[in-house]
Amino acid sequence: MPEATAVEPAAKPNRSAEIRRIALATYFGTALEWYDYFIYGTAAALVFPALFFPALDPAIGVIASLVTFALGFVARPVGAVIFGHIGDRLGRRAALIGTVTLMGVATGLIGLLPSYQTIGIAAPIVLAVLRLLQGISAGGEWTGAALLAIEHAPPEQRGRYAAVPQLGSPTATLVSSGVFAVLTLLPDEMFRSWVWRVPFLAAFVLLAIALYLRVKVEESPLFRAALAEQKEEKLPVLETIRTAWGRLIIGGAAYLAGTAAFFVLTTFMISYISKTLKLSSTLALNATLVGAVVEILVIIVAGRLADRIGAAKVCVIGATISVLVAFPVFWLVDTKIPVLVIAGVSLGIGAISIPYGPIGVALSVMFPARLRYSGVALSVGLANILAGFGPLAGTWALGVTGGQSWGPALLLALIAFITLAGSVGAHHVSRRAPEWDAV
């Protein structure tokens with residue numbers, strides 16, 4: 001049976017239109033957040049080593065660039081604490097306006113940042129600070145978007161509405177990779193000089209659109225109910241840690257593949273294809289584009305399947321498949337045949353998208369409404385402490401194995417196995433959880 005208990009009547013026609021509008025707002029805002037995040041990851045693999053770490057050996061420069069990428073994930077638990085408190089005290093809407101503003105401004109400023117040649121050591125330092133701000137924002141964004149969509153949705157459709165914010169990730173991959181795929185066709189000198197800044201500066205425009213949509217969004221009815229019954233917590237983060245630390249660990253494990261495996265298959269894979277296999281960066285970017293299309297289709301199907309058999313069960317199935325395809329993904333990429341390279345990346349992204357689609361419902365069911373933002377955000381934050389080092393760990397595994405791909409493949413399988421264990425735990429918790437809508 002599905003984990004969520006149906007206690008609300010089906011949405012009326014006018015209510016359905018309102019839910020769709022809310023879903024659109026959460027989708028667009030999350031797409032902006034991930035667009036900002038992904039263009040950083042792509043630039044970190046392609047141009048940041050030369051622009052911000054030119055004094056280092058090229059190989060060390062790549063590692064240093066990926067370390068700044070990881071900083072954003074280290075900061076995400078901080079964002080989970082900050083926006084978890086705001087989301088459970090002031091509301092999901094207030095938290096979402098804050099996250100999207102912080103992300104948009106930080107990303108736009110990266111596009112204005114002078115290189116090492118212009119301002120010296122200050123350049124990588126400021127880059128790291130802006131990356132930390134991106135991480136703080138992302139630490140609260142996905143949770144708020146997912147909860148707002150889920151808590152507005154009728155019970156029998158929570159899986160499909162939980163999948164809507166998830167579509168922001170592949171959309172952002174399509175846009176960011178597509179933009180870079182086009183821009184890398186320009187002369188290399190022009191690209192490294194100023195063209196790389198264009199995707200970052202575009203964040204200012206996208207921010208204005210996202211703010212317009214989110215200001216019009218209504219607050220979650222479940223959060224309003226908690227306020228009406230005066231059941232909101234004064235310190236929701238501490239209360240969540242005190243009463244549900246075990247569920248936080250389970251939730252973090254269940255979510256891990258959604259970020260750690262994804263960035264191994266995108267950020268690390270772009271570097272692996274272009275620098276280790278000596279194939280074109282355009283091929284690497286095109287592979288992520290096709291993978292993003294596959295991800296969209298898989299997320300939609302997984303969300304609808306979650307409404308039929310339960311979110312945690314779908315996560316278990318998806319994590320199992322992800323473990324099984326980890327090595328075949330790299331076998332296909334290692335052929336260096338463009339079609340098979342694209343097929344390998346798409347296979348990996350498609351597999352990890354199965355548990356990623358309904359993960360919002362799987363995590364939400366474990367926490368009551370008054371602690372739900374903090375509980376889900378902290379679970380995701382725990383996962384992201386490790387996830388940010390995914391590309392760096394992939395690079396390390398590649399080096400330890402002497403450039404052999406079985407190292408990164410084993411890493412990918414391990415990440416998927418952890419998510420499998422967390423998904424099994426989430427399924428067990430959901431079967432004995434209190435009524436989902438309890439405030």
# chains A, B, ... in the order shown; residues from 1 in each chain; ligands from 1

$ residues_around --residues "stretch 311-321 of chain A" --least-positions-apart "5" --cutoff "9 Å" --atoms "only C-alpha atoms" --output "ChimeraX atom specification"
/A:2-4,159,254,257,302-303,305-306,326,351-363,416-428,430

$ residues_around --residues "stretch 395-407 of chain A" --least-positions-apart "3" --cutoff "9 Å" --atoms "only C-alpha atoms" --output "PyMOL selection string"
chain A and resi 63+268+271-272+276+327+330-331+334+390-392+410-412

$ closest_residue --among "A:Ile110, A:Ala163, A:Met269, A:Val179" --to "A:Arg197" --atoms "only C-alpha atoms"
A:Ile110

$ closest_residue --among "A:Ala128, A:Ala292, A:Leu265, A:Leu147" --to "A:Ser169" --atoms "only C-alpha atoms"
A:Ala292

$ residues_around --residues "stretch 288-290 of chain A" --least-positions-apart "3" --cutoff "12 Å" --atoms "only C-alpha atoms" --output "number ranges by chain"
A: 38, 42, 169-182, 262-270, 273, 281-285, 293-297, 339-350

$ residues_around --residues "A:Val47" --least-positions-apart "5" --cutoff "12 Å" --atoms "only C-alpha atoms" --output "list in words"
Ile39, Tyr40, Gly41, Thr42, Phe52, Phe53, Pro54, Pro58, Gly61, Val62, Ser65, Leu66, Ser115, Phe180, Thr184, Asp188, Glu189, Met190, Phe191, Arg192, Ser193, Trp194, Val195, Trp196, Arg197, Ser271 and Ser281 of chain A

$ residues_around --residues "A:Ile22" --least-positions-apart "2" --cutoff "9 Å" --atoms "only C-alpha atoms" --output "VMD selection string"
chain A and resid 17 to 20 24 to 27 148 to 149 152 213 to 214 216 to 218

$ write_last_selection --atoms "N, CA, C and O atoms" --output "compact mmCIF listing (two decimals), in the first residue's frame"
# COMPACT_ATOMS: atom_id res chain seq x y z
N ALA A 17 -6.67 23.76 -10.32
CA ALA A 17 -5.96 24.82 -11.04
C ALA A 17 -4.96 25.50 -10.12
O ALA A 17 -3.84 25.84 -10.53
N GLU A 18 -5.35 25.69 -8.87
CA GLU A 18 -4.45 26.33 -7.90
C GLU A 18 -3.24 25.45 -7.64
O GLU A 18 -2.10 25.94 -7.57
N ILE A 19 -3.46 24.14 -7.52
CA ILE A 19 -2.36 23.21 -7.28
C ILE A 19 -1.40 23.21 -8.46
O ILE A 19 -0.17 23.19 -8.29
N ARG A 20 -1.94 23.25 -9.67
CA ARG A 20 -1.08 23.28 -10.85
C ARG A 20 -0.24 24.55 -10.88
O ARG A 20 0.93 24.53 -11.28
N LEU A 24 3.81 24.74 -10.77
CA LEU A 24 4.61 25.49 -11.74
C LEU A 24 5.62 26.38 -11.03
O LEU A 24 6.79 26.46 -11.43
N ALA A 25 5.18 27.04 -9.97
CA ALA A 25 6.07 27.93 -9.24
C ALA A 25 7.21 27.16 -8.59
O ALA A 25 8.37 27.59 -8.59
N THR A 26 6.90 25.99 -8.01
CA THR A 26 7.96 25.19 -7.39
C THR A 26 8.91 24.63 -8.45
O THR A 26 10.12 24.57 -8.24
N TYR A 27 8.34 24.24 -9.58
CA TYR A 27 9.16 23.70 -10.66
C TYR A 27 10.13 24.74 -11.20
O TYR A 27 11.34 24.49 -11.32
N LEU A 148 5.88 22.12 -0.46
CA LEU A 148 4.78 22.98 -0.88
C LEU A 148 3.91 22.26 -1.91
O LEU A 148 2.68 22.32 -1.85
N ALA A 149 4.56 21.56 -2.85
CA ALA A 149 3.80 20.82 -3.86
C ALA A 149 3.05 19.65 -3.24
O ALA A 149 1.86 19.43 -3.52
N HIS A 152 0.08 20.63 -0.77
CA HIS A 152 -1.10 21.17 -1.46
C HIS A 152 -1.85 20.10 -2.25
O HIS A 152 -3.02 20.27 -2.58
N LEU A 213 6.80 34.44 -9.59
CA LEU A 213 5.94 33.27 -9.42
C LEU A 213 5.77 32.90 -7.95
O LEU A 213 4.67 32.57 -7.49
N ARG A 214 6.83 32.97 -7.18
CA ARG A 214 6.77 32.50 -5.80
C ARG A 214 6.08 33.48 -4.86
O ARG A 214 5.49 33.05 -3.87
N LYS A 216 3.44 34.92 -5.46
CA LYS A 216 2.01 34.68 -5.64
C LYS A 216 1.53 33.33 -5.08
O LYS A 216 0.34 33.05 -5.08
N VAL A 217 2.47 32.52 -4.61
CA VAL A 217 2.11 31.19 -4.12
C VAL A 217 1.48 31.27 -2.73
O VAL A 217 1.91 32.04 -1.88
N GLU A 218 0.42 30.47 -2.50
CA GLU A 218 -0.22 30.41 -1.19
C GLU A 218 0.55 29.48 -0.26
O GLU A 218 1.21 28.55 -0.70

$ closest_residue --among "A:Pro165, A:Pro77, A:Pro49, A:Gly139" --to "A:Ala23" --atoms "only C-alpha atoms"
A:Pro165

$ residues_around --residues "A:Val126" --least-positions-apart "3" --cutoff "10 Å" --atoms "only C-alpha atoms" --output "VMD selection string"
chain A and resid 109 to 110 113 to 114 121 to 123 129 to 132

$ closest_residue --among "A:Arg89, A:Ala203, A:Ala94, A:Ala75" --to "A:Gly111" --atoms "only C-alpha atoms"
A:Ala203

$ atom_distance --atom1 "atom CA of A:Lys336" --atom2 "atom CA of A:Gly394"
18.7 Å

$ atom_distance --atom1 "atom CA of A:Trp245" --atom2 "atom CA of A:Val74"
19.2 Å

$ select_by_dssp --residues "stretch 162-314 of chain A" --states "alpha helix (DSSP H)" --output "ChimeraX atom specification"
/A:162-166,168-183,188-193,198-215,221-228,236-256,262-263,269-271,281-309,311-314

$ atom_distance --atom1 "atom CA of A:Pro236" --atom2 "atom CA of A:Leu133"
22.6 Å
